[in-house]
Each structure stands twice: as C-alpha cells, then as structure tokens.
file my_file.txt (compact mmCIF, C-alpha atoms)
# COMPACT_ATOMS: atom_id res chain seq x y z
CA MET Q 1 -23.22 -21.89 3.27
CA PRO Q 2 -20.23 -23.08 5.33
CA LEU Q 3 -16.93 -24.04 3.75
CA THR Q 4 -16.23 -27.74 3.44
CA PRO Q 5 -13.10 -29.23 5.07
CA PRO Q 6 -11.40 -29.60 1.63
CA GLU Q 7 -12.19 -25.94 0.84
CA LEU Q 8 -10.73 -24.78 4.14
CA LYS Q 9 -7.64 -26.88 3.54
CA GLN Q 10 -7.18 -25.42 0.05
CA PHE Q 11 -7.57 -21.86 1.34
CA GLU Q 12 -5.00 -22.46 4.06
CA GLN Q 13 -2.62 -24.05 1.56
CA ASP Q 14 -2.95 -21.70 -1.42
CA GLY Q 15 -4.06 -18.44 0.21
CA TYR Q 16 -7.14 -18.15 -2.00
CA LEU Q 17 -10.25 -20.16 -2.78
CA ALA Q 18 -12.77 -19.92 -5.64
CA ILE Q 19 -16.33 -21.00 -4.74
CA VAL Q 20 -18.29 -21.39 -7.99
CA ASN Q 21 -22.03 -20.57 -8.01
CA TYR Q 22 -21.89 -18.80 -4.65
CA LEU Q 23 -24.27 -16.13 -5.98
CA ASP Q 24 -27.35 -17.18 -7.94
CA LYS Q 25 -28.03 -15.78 -11.40
CA LYS Q 26 -30.76 -13.41 -10.21
CA THR Q 27 -28.47 -11.82 -7.61
CA VAL Q 28 -25.71 -11.45 -10.19
CA ALA Q 29 -28.12 -9.80 -12.63
CA ASP Q 30 -29.48 -7.48 -9.92
CA LEU Q 31 -25.98 -6.35 -8.92
CA ASN Q 32 -24.94 -5.76 -12.54
CA ASN Q 33 -28.10 -3.72 -13.08
CA GLU Q 34 -27.27 -1.75 -9.94
CA ILE Q 35 -23.79 -0.98 -11.31
CA LYS Q 36 -25.34 0.14 -14.59
CA GLU Q 37 -27.76 2.39 -12.72
CA MET Q 38 -24.96 3.94 -10.64
CA LEU Q 39 -22.90 4.61 -13.76
CA THR Q 40 -25.74 6.23 -15.69
CA SER Q 41 -27.04 8.30 -12.77
CA ALA Q 42 -23.69 9.47 -11.40
CA ASN Q 43 -23.40 13.24 -11.02
CA MET Q 44 -19.99 14.21 -12.37
CA GLY Q 45 -20.57 17.96 -12.30
CA ASN Q 46 -18.03 18.62 -9.54
CA HIS Q 47 -15.97 15.47 -9.92
CA PRO Q 48 -12.20 16.04 -9.58
CA MET Q 49 -11.53 13.56 -12.43
CA ILE Q 50 -9.49 11.24 -10.25
CA LYS Q 51 -7.85 8.27 -11.91
CA PHE Q 52 -7.44 5.05 -9.98
CA THR Q 53 -4.09 3.31 -10.29
CA THR Q 54 -2.18 0.91 -8.09
CA GLY Q 55 1.14 1.79 -9.67
CA ASN Q 56 3.24 4.96 -9.58
CA ASP Q 57 0.95 7.52 -11.15
CA LYS Q 58 2.34 11.02 -11.51
CA ASP Q 59 -1.07 12.60 -10.83
CA GLY Q 60 -1.00 11.12 -7.33
CA HIS Q 61 -4.74 10.52 -6.88
CA ILE Q 62 -4.03 9.07 -3.46
CA SER Q 63 -3.17 12.46 -2.00
CA ASP Q 64 -6.55 13.85 -2.96
CA LYS Q 65 -9.28 14.49 -0.37
CA TYR Q 66 -11.76 12.79 -2.68
CA PHE Q 67 -9.94 9.49 -2.17
CA PHE Q 68 -9.81 9.67 1.63
CA ASP Q 69 -13.44 10.80 1.89
CA SER Q 70 -14.56 7.74 -0.09
CA ALA Q 71 -14.03 5.48 2.96
CA ASP Q 72 -17.73 5.52 3.90
CA LYS Q 73 -19.20 7.00 0.71
CA ILE Q 74 -19.81 6.12 -2.93
CA HIS Q 75 -17.17 7.82 -5.06
CA TYR Q 76 -16.13 7.20 -8.64
CA PHE Q 77 -12.62 6.64 -9.99
CA PHE Q 78 -11.60 6.58 -13.64
CA GLU Q 79 -9.53 4.19 -15.71
CA PRO Q 80 -6.09 5.77 -16.34
CA ASP Q 81 -6.49 5.38 -20.11
CA ALA Q 82 -9.92 7.03 -20.07
CA ILE Q 83 -8.51 10.48 -19.28
CA VAL Q 84 -6.12 12.73 -21.14
CA GLU Q 85 -4.72 16.06 -19.98
CA GLN Q 86 -5.31 18.99 -22.33
CA ASN Q 87 -4.27 22.54 -21.49
CA GLY Q 88 -4.00 21.67 -17.82
CA GLU Q 89 -7.44 20.06 -17.65
CA HIS Q 90 -8.51 16.41 -17.63
CA LYS Q 91 -10.73 15.36 -20.51
CA LEU Q 92 -12.64 12.10 -20.89
CA LEU Q 93 -11.92 10.07 -24.00
CA TYR Q 94 -14.95 7.81 -23.60
CA PRO Q 95 -18.51 8.05 -22.25
CA ILE Q 96 -18.62 8.06 -18.44
CA GLU Q 97 -20.16 4.59 -18.24
CA LYS Q 98 -17.19 3.25 -20.23
CA SER Q 99 -14.58 5.21 -18.26
CA ILE Q 100 -15.16 4.31 -14.60
CA ASN Q 101 -12.69 1.86 -13.05
CA LYS Q 102 -14.00 1.71 -9.50
CA ILE Q 103 -17.02 2.68 -7.39
CA GLY Q 104 -16.25 2.78 -3.67
CA HIS Q 105 -15.15 2.52 -0.97
CA GLY Q 106 -18.22 2.51 1.29
CA LEU Q 107 -20.69 0.81 -1.01
CA HIS Q 108 -22.16 -1.56 1.57
CA PHE Q 109 -22.97 1.36 3.90
CA LEU Q 110 -25.18 3.15 1.40
CA ASN Q 111 -26.45 0.66 -1.20
CA PRO Q 112 -28.98 -1.90 0.10
CA LYS Q 113 -28.31 -4.47 -2.62
CA PHE Q 114 -24.59 -4.58 -1.98
CA ASN Q 115 -25.19 -4.47 1.77
CA LYS Q 116 -27.34 -7.60 1.46
CA VAL Q 117 -24.47 -9.50 -0.19
CA THR Q 118 -22.05 -8.28 2.49
CA VAL Q 119 -23.98 -8.56 5.76
CA ASN Q 120 -25.66 -11.95 6.06
CA ASP Q 121 -25.44 -15.26 7.88
CA ASP Q 122 -23.47 -17.01 5.12
CA ILE Q 123 -20.67 -14.43 5.19
CA ALA Q 124 -20.65 -14.50 8.99
CA SER Q 125 -20.39 -18.30 8.92
CA ILE Q 126 -17.37 -18.18 6.62
CA CYS Q 127 -15.72 -15.56 8.82
CA ARG Q 128 -16.16 -17.76 11.88
CA GLN Q 129 -14.59 -20.69 10.03
CA LEU Q 130 -11.64 -18.48 9.10
CA GLY Q 131 -11.08 -17.67 12.77
CA PHE Q 132 -12.41 -14.12 13.03
CA ARG Q 133 -13.46 -13.27 16.57
CA ASP Q 134 -15.11 -9.95 15.66
CA ALA Q 135 -15.43 -9.85 11.87
CA LYS Q 136 -15.84 -6.34 10.48
CA ALA Q 137 -16.41 -5.34 6.85
CA ILE Q 138 -14.61 -2.41 5.22
CA GLN Q 139 -13.51 -1.12 1.80
CA SER Q 140 -16.48 -2.29 -0.28
CA MET Q 141 -16.38 -1.44 -3.95
CA CYS Q 142 -17.27 -2.38 -7.49
CA VAL Q 143 -14.29 -2.99 -9.74
CA ILE Q 144 -15.09 -2.48 -13.41
CA LYS Q 145 -12.37 -3.58 -15.80
CA GLN Q 146 -13.55 -1.75 -18.88
CA PRO Q 147 -13.21 -3.31 -22.37
CA HIS Q 148 -9.82 -2.61 -23.98
CA ILE Q 149 -8.79 0.06 -21.44
CA GLY Q 150 -9.24 -1.82 -18.15
CA ALA Q 151 -5.84 -1.36 -16.53
CA GLU Q 152 -3.59 -4.11 -15.27
CA VAL Q 153 -3.15 -4.41 -11.51
CA PRO Q 154 0.48 -5.18 -10.60
CA PRO Q 155 1.49 -7.80 -8.01
CA HIS Q 156 0.45 -6.80 -4.50
CA ASN Q 157 -1.19 -8.05 -1.34
CA ASP Q 158 -4.12 -6.50 0.50
CA ALA Q 159 -2.56 -6.54 3.98
CA GLU Q 160 -0.22 -3.73 2.90
CA PHE Q 161 -3.25 -1.47 2.42
CA LEU Q 162 -5.44 -2.63 5.35
CA TYR Q 163 -2.95 -3.34 8.09
CA THR Q 164 -3.76 -4.85 11.47
CA LYS Q 165 -1.55 -6.25 14.22
CA PRO Q 166 -1.53 -9.20 13.82
CA LYS Q 167 -2.48 -9.34 10.15
CA THR Q 168 -6.12 -10.36 9.74
CA CYS Q 169 -7.32 -8.97 6.38
CA VAL Q 170 -9.28 -11.30 4.07
CA GLY Q 171 -10.84 -10.21 0.78
CA PHE Q 172 -14.27 -11.37 -0.42
CA TRP Q 173 -14.27 -10.95 -4.21
CA PHE Q 174 -17.44 -11.71 -6.20
CA ALA Q 175 -17.27 -12.21 -9.97
CA LEU Q 176 -20.31 -10.52 -11.50
CA GLU Q 177 -19.21 -11.39 -15.04
CA ASP Q 178 -17.19 -14.28 -16.40
CA CYS Q 179 -13.47 -13.77 -15.71
CA THR Q 180 -11.29 -14.94 -18.59
CA LEU Q 181 -7.69 -14.82 -19.75
CA GLU Q 182 -8.68 -12.07 -22.18
CA ASN Q 183 -10.56 -9.72 -19.83
CA GLY Q 184 -8.11 -9.82 -16.91
CA CYS Q 185 -8.95 -12.64 -14.51
CA LEU Q 186 -7.33 -12.77 -11.07
CA GLU Q 187 -3.90 -14.41 -10.85
CA PHE Q 188 -2.28 -15.72 -7.65
CA ILE Q 189 1.04 -17.13 -6.48
CA PRO Q 190 -0.24 -20.14 -4.49
CA GLY Q 191 1.24 -20.25 -1.00
CA SER Q 192 2.64 -16.72 -1.16
CA GLN Q 193 0.69 -15.75 1.97
CA HIS Q 194 3.68 -17.20 3.79
CA TYR Q 195 6.04 -14.60 2.31
CA PRO Q 196 7.01 -11.93 4.86
CA LEU Q 197 5.21 -8.62 4.49
CA GLN Q 198 7.64 -6.04 3.12
CA LYS Q 199 6.00 -2.64 3.61
CA ARG Q 200 2.70 -0.93 4.27
CA PHE Q 201 0.67 1.80 2.59
CA VAL Q 202 -0.04 4.64 5.04
CA LYS Q 203 -1.35 8.12 5.46
CA ASP Q 204 1.66 10.39 5.73
CA LEU Q 205 0.85 11.66 9.21
CA LYS Q 206 4.31 13.17 9.63
CA LYS Q 207 3.85 15.40 6.57
CA GLY Q 208 0.18 15.92 7.30
CA SER Q 209 -1.08 15.04 3.82
CA GLY Q 210 -0.89 12.37 1.15
CA THR Q 211 0.14 8.74 1.37
CA LYS Q 212 3.26 6.66 0.98
CA PHE Q 213 4.73 3.21 1.43
CA ALA Q 214 6.39 3.01 4.83
CA LYS Q 215 8.43 0.69 6.99
CA LEU Q 216 6.46 -1.90 8.94
CA ASP Q 217 8.13 -1.09 12.25
CA ASN Q 218 8.06 2.69 11.81
CA PRO Q 219 5.25 4.05 9.60
CA ASP Q 220 6.67 7.58 9.80
CA GLU Q 221 9.72 6.45 7.82
CA ASP Q 222 9.57 5.99 4.05
CA PHE Q 223 10.06 2.48 2.73
CA VAL Q 224 13.33 2.29 0.80
CA GLU Q 225 13.87 -0.60 -1.59
CA SER Q 226 16.77 -2.71 -0.39
CA LYS Q 227 18.74 -5.15 -2.51
CA GLU Q 228 16.72 -7.98 -0.95
CA TYR Q 229 13.43 -6.26 -1.77
CA LYS Q 230 14.46 -5.68 -5.39
CA GLU Q 231 15.25 -9.38 -5.63
CA PHE Q 232 11.85 -10.17 -4.10
CA LYS Q 233 10.12 -7.84 -6.57
CA GLU Q 234 11.92 -9.52 -9.45
CA LYS Q 235 10.89 -12.91 -8.10
CA ILE Q 236 7.17 -12.09 -7.97
CA SER Q 237 7.31 -10.61 -11.48
CA ASP Q 238 7.85 -14.13 -12.86
CA ASP Q 239 4.59 -14.88 -14.67
CA SER Q 240 5.18 -18.63 -14.46
CA LEU Q 241 4.59 -18.50 -10.68
CA TYR Q 242 0.99 -17.35 -11.09
CA LYS Q 243 -2.16 -19.44 -11.29
CA LYS Q 244 -4.72 -17.78 -13.56
CA VAL Q 245 -8.17 -18.15 -12.02
CA THR Q 246 -10.73 -18.23 -14.83
CA ILE Q 247 -14.19 -18.38 -13.26
CA PRO Q 248 -17.85 -17.88 -14.19
CA ALA Q 249 -20.05 -15.08 -12.92
CA GLY Q 250 -21.41 -15.82 -9.46
CA THR Q 251 -18.11 -17.14 -8.10
CA LEU Q 252 -16.83 -15.94 -4.72
CA VAL Q 253 -13.05 -15.77 -4.36
CA LEU Q 254 -11.66 -15.64 -0.82
CA ILE Q 255 -8.29 -13.89 -0.70
CA ASN Q 256 -5.84 -14.13 2.20
CA GLY Q 257 -4.59 -10.60 2.92
CA LYS Q 258 -0.96 -11.63 2.44
CA VAL Q 259 -1.24 -13.68 -0.77
CA ILE Q 260 0.40 -12.09 -3.83
CA HIS Q 261 -2.04 -11.50 -6.68
CA LYS Q 262 -2.47 -9.40 -9.80
CA SER Q 263 -4.56 -9.09 -12.97
CA SER Q 264 -3.74 -8.25 -16.57
CA LYS Q 265 -5.15 -5.50 -18.76
CA ASN Q 266 -8.55 -6.17 -20.28
CA LYS Q 267 -7.84 -6.77 -23.97
CA SER Q 268 -11.31 -8.03 -24.81
CA ASP Q 269 -14.62 -6.55 -25.93
CA ASP Q 270 -16.17 -7.55 -22.59
CA SER Q 271 -16.12 -5.81 -19.22
CA ARG Q 272 -15.18 -7.68 -16.04
CA ASN Q 273 -17.48 -6.46 -13.28
CA ALA Q 274 -16.73 -7.55 -9.72
CA TYR Q 275 -17.84 -6.61 -6.22
CA THR Q 276 -15.40 -6.88 -3.34
CA PHE Q 277 -15.12 -6.03 0.32
CA HIS Q 278 -12.57 -6.82 3.00
CA VAL Q 279 -12.86 -8.17 6.51
CA VAL Q 280 -10.57 -7.41 9.44
CA ASP Q 281 -10.79 -8.59 13.04
CA GLY Q 282 -12.12 -5.89 15.35
CA THR Q 283 -10.22 -7.38 18.28
CA GLU Q 284 -6.87 -6.50 16.69
CA GLU Q 285 -5.18 -3.11 16.35
CA TYR Q 286 -6.15 -1.03 13.31
CA ASP Q 287 -4.05 2.11 13.64
CA ALA Q 288 -4.38 5.70 12.44
CA TYR Q 289 -1.77 5.20 9.72
CA ASN Q 290 -4.17 3.15 7.58
CA TRP Q 291 -5.55 5.20 4.68
CA LEU Q 292 -9.14 4.08 5.30
CA GLN Q 293 -10.61 5.71 8.40
CA ILE Q 294 -14.25 6.19 9.42
CA PRO Q 295 -14.79 9.06 9.81
CA PRO Q 296 -11.94 9.97 7.45
CA ALA Q 297 -10.62 12.90 9.51
CA LYS Q 298 -10.95 11.31 12.96
CA PRO Q 299 -9.45 7.82 13.23
CA GLN Q 300 -11.46 5.51 15.49
CA GLY Q 301 -9.71 2.24 14.72
CA SER Q 302 -12.25 -0.36 13.60
CA GLN Q 303 -14.97 1.01 15.89
CA ASN Q 304 -17.18 2.26 13.04
CA PHE Q 305 -16.64 -0.64 10.65
CA THR Q 306 -19.60 -2.93 9.94
CA ARG Q 307 -19.85 -5.78 12.44
CA LEU Q 308 -20.79 -9.04 10.72
CA TYR Q 309 -21.73 -11.08 13.80
CA LYS Q 310 -25.19 -10.51 15.25
CA ASN Q 311 -24.36 -11.73 18.74
CA TYR Q 312 -20.84 -10.49 19.40
CA GLU Q 313 -19.83 -10.06 23.02
call {"tool": "encode", "arguments": {"input": "my_file.txt", "output": "structure tokens"}}
result
Amino acid sequence: MPLTPPELKQFEQDGYLAIVNYLDKKTVADLNNEIKEMLTSANMGNHPMIKFTTGNDKDGHISDKYFFDSADKIHYFFEPDAIVEQNGEHKLLYPIEKSINKIGHGLHFLNPKFNKVTVNDDIASICRQLGFRDAKAIQSMCVIKQPHIGAEVPPHNDAEFLYTKPKTCVGFWFALEDCTLENGCLEFIPGSQHYPLQKRFVKDLKKGSGTKFAKLDNPDEDFVESKEYKEFKEKISDDSLYKKVTIPAGTLVLINGKVIHKSSKNKSDDSRNAYTFHVVDGTEEYDAYNWLQIPPAKPQGSQNFTRLYKNYE
C-alpha cells in the first residue's frame, strides 16, 4: 500500500499524514480484543504502580527500573488520575482495566498480532518511500486514553525521546477507536518539523541513574531553559496553531519525529485506543544516552531493533 505522490507531498509539507481505512475492520476488532485480553489477564501482583506522564511528575516514574526494562517487554503504566497515595502506598481508584494508560514498550517483539501490523511489506514500502535505508522498528505500545481520566499529553516531538544523528524518527500511529474532539484526538502544528530541536531526553549516565532533558551538543549537561526557549514554549502553547485531527478507527497517522503535537484530556465516556511504534534508520547513530536500549543494561545502538526490510545489505 504505497503512498501516493499527493500524500508524500502533504507529509513533507505538514509533518504528518492521516491515511483513513489503512486497517480493515477485522484487524481493528482483533487488536482491540487483544488489548482487552491483555488488560484482563495482566498480573499486577508485583507491579510497582508506575504512573505514565509526559509532564513533570513528582513521582518520577522515569527513574524506575520498570520503565527502562520495558524496552523489549510488555509492561503496564497507569493513568495519573487512576492512582492516589494513601499512607505512603499507591492505591487504585478504578478497576485495572479502566486504569491503564499504556502497554509497552516492546509489544511487537512479544505479541504476534501487533507484530503482524508492524512487520510487513506495506510498512516496509512506506519506509522506503520516506527515505529509510535500514528501517528499524522500536518503542511499540498501546496507548489507552481512558474515559474521563485519560490524561492530556503536552506539546512535544518524538525526536527528543528517540534521538539519532541525523534525526530519522518517524511515528506510525494507528487509531483503533474513533478519535474525536471529546476523547483527545491528536493535534499538530503543521510545518513545525522545521523548527530546530531544542533538547533531548536522555539516561543520566553521568549520575548513573534516572533520566533528564539535556543539551543536544552535550548530553551530560542538563538542559536549562533560556529566554529564547521560554518564548518558544509560549509560542507552541497557542492552541490556535494546532490542527485537530479527528479520524475514524483504522486510520494510520504518520508522524515526523520533529513535528510538534499534543492531545487533550479525554472528557468523554469513550476510550481512545491506539497502537503506535516508531522507526529509526539503522544506518545512523543511535547513542547510549537514549532511554530505550535493547538490552536495557547494555546499549548496542540499533543493532537489536527490528529490521523491517527483508533484503537489507
């Protein structure tokens, strides 16, 4: 299913592209049933009750071993509003199946149904059209924006979190349920992939634990917000700049790694299931500062990521 010339042009212009009806209804139903099965069968007996946030959360889930070890496994992360702290312990406010925010980050390694959507000729064809020489899939996950408590995701770009030199990250985001204004559809600043990257999210190798935002040219140094960056942050907080992408289930959204995007809180009675993975080019440098490493404790660059081309030389 190659991209048409107009689709390629739109992706290059806007930094994102929505392809309606990419997945058929049976595949969408199968993947939603798989999510339901994972939620109901999940063993939470020894779960560290990790919340998933992309903002500044005082619990600092990102410093936890559970997060790093999820790179090639299936781990579960909770909605921030699903957990309350009581007497020093985390307690769930809702049933588990209504509390999970994310299942990841190695879903395509271990789940055949999600692997089938990730590793196939159609995806490889798109990657070739986008210029990938050695397309490799990483960070595969289900994102479940739960009814009423599904958290907002603030403005960001994916290249900050999956950094290569040069920048090659592209997101493949599949809507498994209708995405509406009420349940937190994706929102983009068209053309913002041309904005300069400001910082990157790294493992704090200098400290030996945790993560942080760091300078692009020196990942050991903390990123400090300059006057110019504060002005930039104020600029991208302007809601009028964003295009709200309301789409039906089955739509594939391609996301340039540098395009600024966000989503609002789910205020509806409906969930907003999605499956997403990211592709980087294996011919470019993927360094040890990136949070996602396979194996987690022994960085190997992109060596152990999933190659999407059958006949790569």
call {"tool": "atom_distance", "arguments": {"input": "my_file.txt", "atom1": "atom CA of Q:Asp81", "atom2": "atom CA of Q:Asp239"}}
result
23.7 Å
call {"tool": "residues_around", "arguments": {"input": "my_file.txt", "residues": "stretch 129-137 of chain Q", "least_positions_apart": "3", "cutoff": "7 Å", "atoms": "only C-alpha atoms", "output": "VMD selection string"}}
result
chain Q and resid 125 to 126 277 to 283 305 to 309 312
call {"tool": "atom_distance", "arguments": {"input": "my_file.txt", "atom1": "atom CA of Q:Cys185", "atom2": "atom CA of Q:Ser264"}}
result
7.1 Å
call {"tool": "residues_around", "arguments": {"input": "my_file.txt", "residues": "Q:Lys98", "least_positions_apart": "3", "cutoff": "8 Å", "atoms": "all atoms listed in the file", "output": "ChimeraX atom specification"}}
result
/Q:94-95,146-147
call {"tool": "write_last_selection", "arguments": {"input": "my_file.txt", "atoms": "C-alpha atoms", "output": "PDB file, in the coordinates of the input"}}
result
ATOM      1  CA  TYR Q  94     -14.950   7.810 -23.600  1.00  0.00           C
ATOM      2  CA  PRO Q  95     -18.510   8.050 -22.250  1.00  0.00           C
ATOM      3  CA  GLN Q 146     -13.550  -1.750 -18.880  1.00  0.00           C
ATOM      4  CA  PRO Q 147     -13.210  -3.310 -22.370  1.00  0.00           C
TER       5      PRO Q 147
END
call {"tool": "closest_atom_pairs", "arguments": {"input": "my_file.txt", "of": "stretch 204-304 of chain Q", "to": "stretch 25-34 of chain Q", "cutoff": "12 Å", "atoms": "all atoms listed in the file", "output": "CSV"}}
result
residue,atom,partner,partner_atom,distance
Q:Pro248,CA,Q:Lys25,CA,10.8
Q:Ala249,CA,Q:Val28,CA,7.3
Q:Gly250,CA,Q:Val28,CA,6.2
Q:Thr251,CA,Q:Val28,CA,9.7
Q:Leu252,CA,Q:Val28,CA,11.4
Q:Ser271,CA,Q:Asn32,CA,11.1
Q:Arg272,CA,Q:Asn32,CA,10.5
Q:Asn273,CA,Q:Asn32,CA,7.5
Q:Ala274,CA,Q:Asn32,CA,8.9
Q:Tyr275,CA,Q:Leu31,CA,8.6
Q:Thr276,CA,Q:Leu31,CA,12.0
call {"tool": "write_last_selection", "arguments": {"input": "my_file.txt", "atoms": "C-alpha atoms", "output": "PDB file, keeping the file's coordinate frame"}}
result
ATOM      1  CA  PRO Q 248     -17.850 -17.880 -14.190  1.00  0.00           C
ATOM      2  CA  ALA Q 249     -20.050 -15.080 -12.920  1.00  0.00           C
ATOM      3  CA  GLY Q 250     -21.410 -15.820  -9.460  1.00  0.00           C
ATOM      4  CA  THR Q 251     -18.110 -17.140  -8.100  1.00  0.00           C
ATOM      5  CA  LEU Q 252     -16.830 -15.940  -4.720  1.00  0.00           C
ATOM      6  CA  SER Q 271     -16.120  -5.810 -19.220  1.00  0.00           C
ATOM      7  CA  ARG Q 272     -15.180  -7.680 -16.040  1.00  0.00           C
ATOM      8  CA  ASN Q 273     -17.480  -6.460 -13.280  1.00  0.00           C
ATOM      9  CA  ALA Q 274     -16.730  -7.550  -9.720  1.00  0.00           C
ATOM     10  CA  TYR Q 275     -17.840  -6.610  -6.220  1.00  0.00           C
ATOM     11  CA  THR Q 276     -15.400  -6.880  -3.340  1.00  0.00           C
TER      12      THR Q 276
END
call {"tool": "closest_residue", "arguments": {"input": "my_file.txt", "among": "Q:Val84, Q:Met44, Q:Leu162, Q:Leu292", "to": "Q:Gly104", "atoms": "only C-alpha atoms"}}
result
Q:Leu292
call {"tool": "residues_around", "arguments": {"input": "my_file.txt", "residues": "Q:Lys267", "least_positions_apart": "6", "cutoff": "8 Å", "atoms": "all atoms listed in the file", "output": "list in words"}}
result
Pro147, His148, Ile149, Gly150, Glu182, Asn183 and Gly184 of chain Q
call {"tool": "residues_around", "arguments": {"input": "my_file.txt", "residues": "Q:Glu160", "least_positions_apart": "6", "cutoff": "8 Å", "atoms": "all atoms listed in the file", "output": "ChimeraX atom specification"}}
result
/Q:197,199-201,258
call {"tool": "residues_around", "arguments": {"input": "my_file.txt", "residues": "Q:Pro48", "least_positions_apart": "5", "cutoff": "9 Å", "atoms": "all atoms listed in the file", "output": "mmCIF file with C-alpha atoms, keeping the file's coordinate frame"}}
result
data_model
loop_
_atom_site.group_PDB
_atom_site.id
_atom_site.type_symbol
_atom_site.label_atom_id
_atom_site.label_comp_id
_atom_site.auth_asym_id
_atom_site.auth_seq_id
_atom_site.Cartn_x
_atom_site.Cartn_y
_atom_site.Cartn_z
ATOM 1 C CA ASP Q 64 -6.550 13.850 -2.960
ATOM 2 C CA TYR Q 66 -11.760 12.790 -2.680
ATOM 3 C CA HIS Q 90 -8.510 16.410 -17.630
#
call {"tool": "build_atoms", "arguments": {"input": "my_file.txt", "residues": "stretch 68-85 of chain Q", "atoms": "N, CA and C atoms", "output": "short mmCIF file (atom, residue, chain, number, x, y, z; two decimals), in the coordinates of the input"}}
result
data_model
loop_
_atom_site.label_atom_id
_atom_site.label_comp_id
_atom_site.auth_asym_id
_atom_site.auth_seq_id
_atom_site.Cartn_x
_atom_site.Cartn_y
_atom_site.Cartn_z
N PHE Q 68 -9.64 9.95 0.21
CA PHE Q 68 -9.81 9.67 1.63
C PHE Q 68 -11.28 9.70 2.05
N ASP Q 69 -12.03 10.65 1.50
CA ASP Q 69 -13.44 10.80 1.89
C ASP Q 69 -14.32 9.67 1.35
N SER Q 70 -13.77 8.84 0.48
CA SER Q 70 -14.56 7.74 -0.09
C SER Q 70 -14.72 6.57 0.88
N ALA Q 71 -14.05 6.62 2.03
CA ALA Q 71 -14.03 5.48 2.96
C ALA Q 71 -15.43 4.99 3.33
N ASP Q 72 -16.37 5.91 3.53
CA ASP Q 72 -17.73 5.52 3.90
C ASP Q 72 -18.76 6.13 2.95
N LYS Q 73 -18.33 6.38 1.71
CA LYS Q 73 -19.20 7.00 0.71
C LYS Q 73 -19.11 6.24 -0.61
N ILE Q 74 -19.87 6.70 -1.59
CA ILE Q 74 -19.81 6.12 -2.93
C ILE Q 74 -19.17 7.15 -3.85
N HIS Q 75 -17.91 6.94 -4.16
CA HIS Q 75 -17.17 7.82 -5.06
C HIS Q 75 -16.75 7.05 -6.31
N TYR Q 76 -16.42 7.80 -7.34
CA TYR Q 76 -16.13 7.20 -8.64
C TYR Q 76 -14.69 7.52 -9.05
N PHE Q 77 -14.01 6.49 -9.57
CA PHE Q 77 -12.62 6.64 -9.99
C PHE Q 77 -12.48 6.14 -11.43
N PHE Q 78 -11.68 6.85 -12.21
CA PHE Q 78 -11.60 6.58 -13.64
C PHE Q 78 -10.44 5.65 -14.00
N GLU Q 79 -10.63 4.94 -15.12
CA GLU Q 79 -9.53 4.19 -15.71
C GLU Q 79 -8.45 5.18 -16.15
N PRO Q 80 -7.16 4.85 -15.92
CA PRO Q 80 -6.09 5.77 -16.34
C PRO Q 80 -6.13 6.11 -17.82
N ASP Q 81 -6.48 5.13 -18.67
CA ASP Q 81 -6.49 5.38 -20.11
C ASP Q 81 -7.76 6.04 -20.60
N ALA Q 82 -8.68 6.36 -19.68
CA ALA Q 82 -9.92 7.03 -20.07
C ALA Q 82 -9.79 8.54 -20.04
N ILE Q 83 -8.69 9.04 -19.48
CA ILE Q 83 -8.51 10.48 -19.28
C ILE Q 83 -7.23 10.95 -19.95
N VAL Q 84 -7.31 12.09 -20.58
CA VAL Q 84 -6.12 12.73 -21.14
C VAL Q 84 -6.07 14.16 -20.64
N GLU Q 85 -4.87 14.68 -20.44
CA GLU Q 85 -4.72 16.06 -19.98
C GLU Q 85 -4.53 16.98 -21.17
#
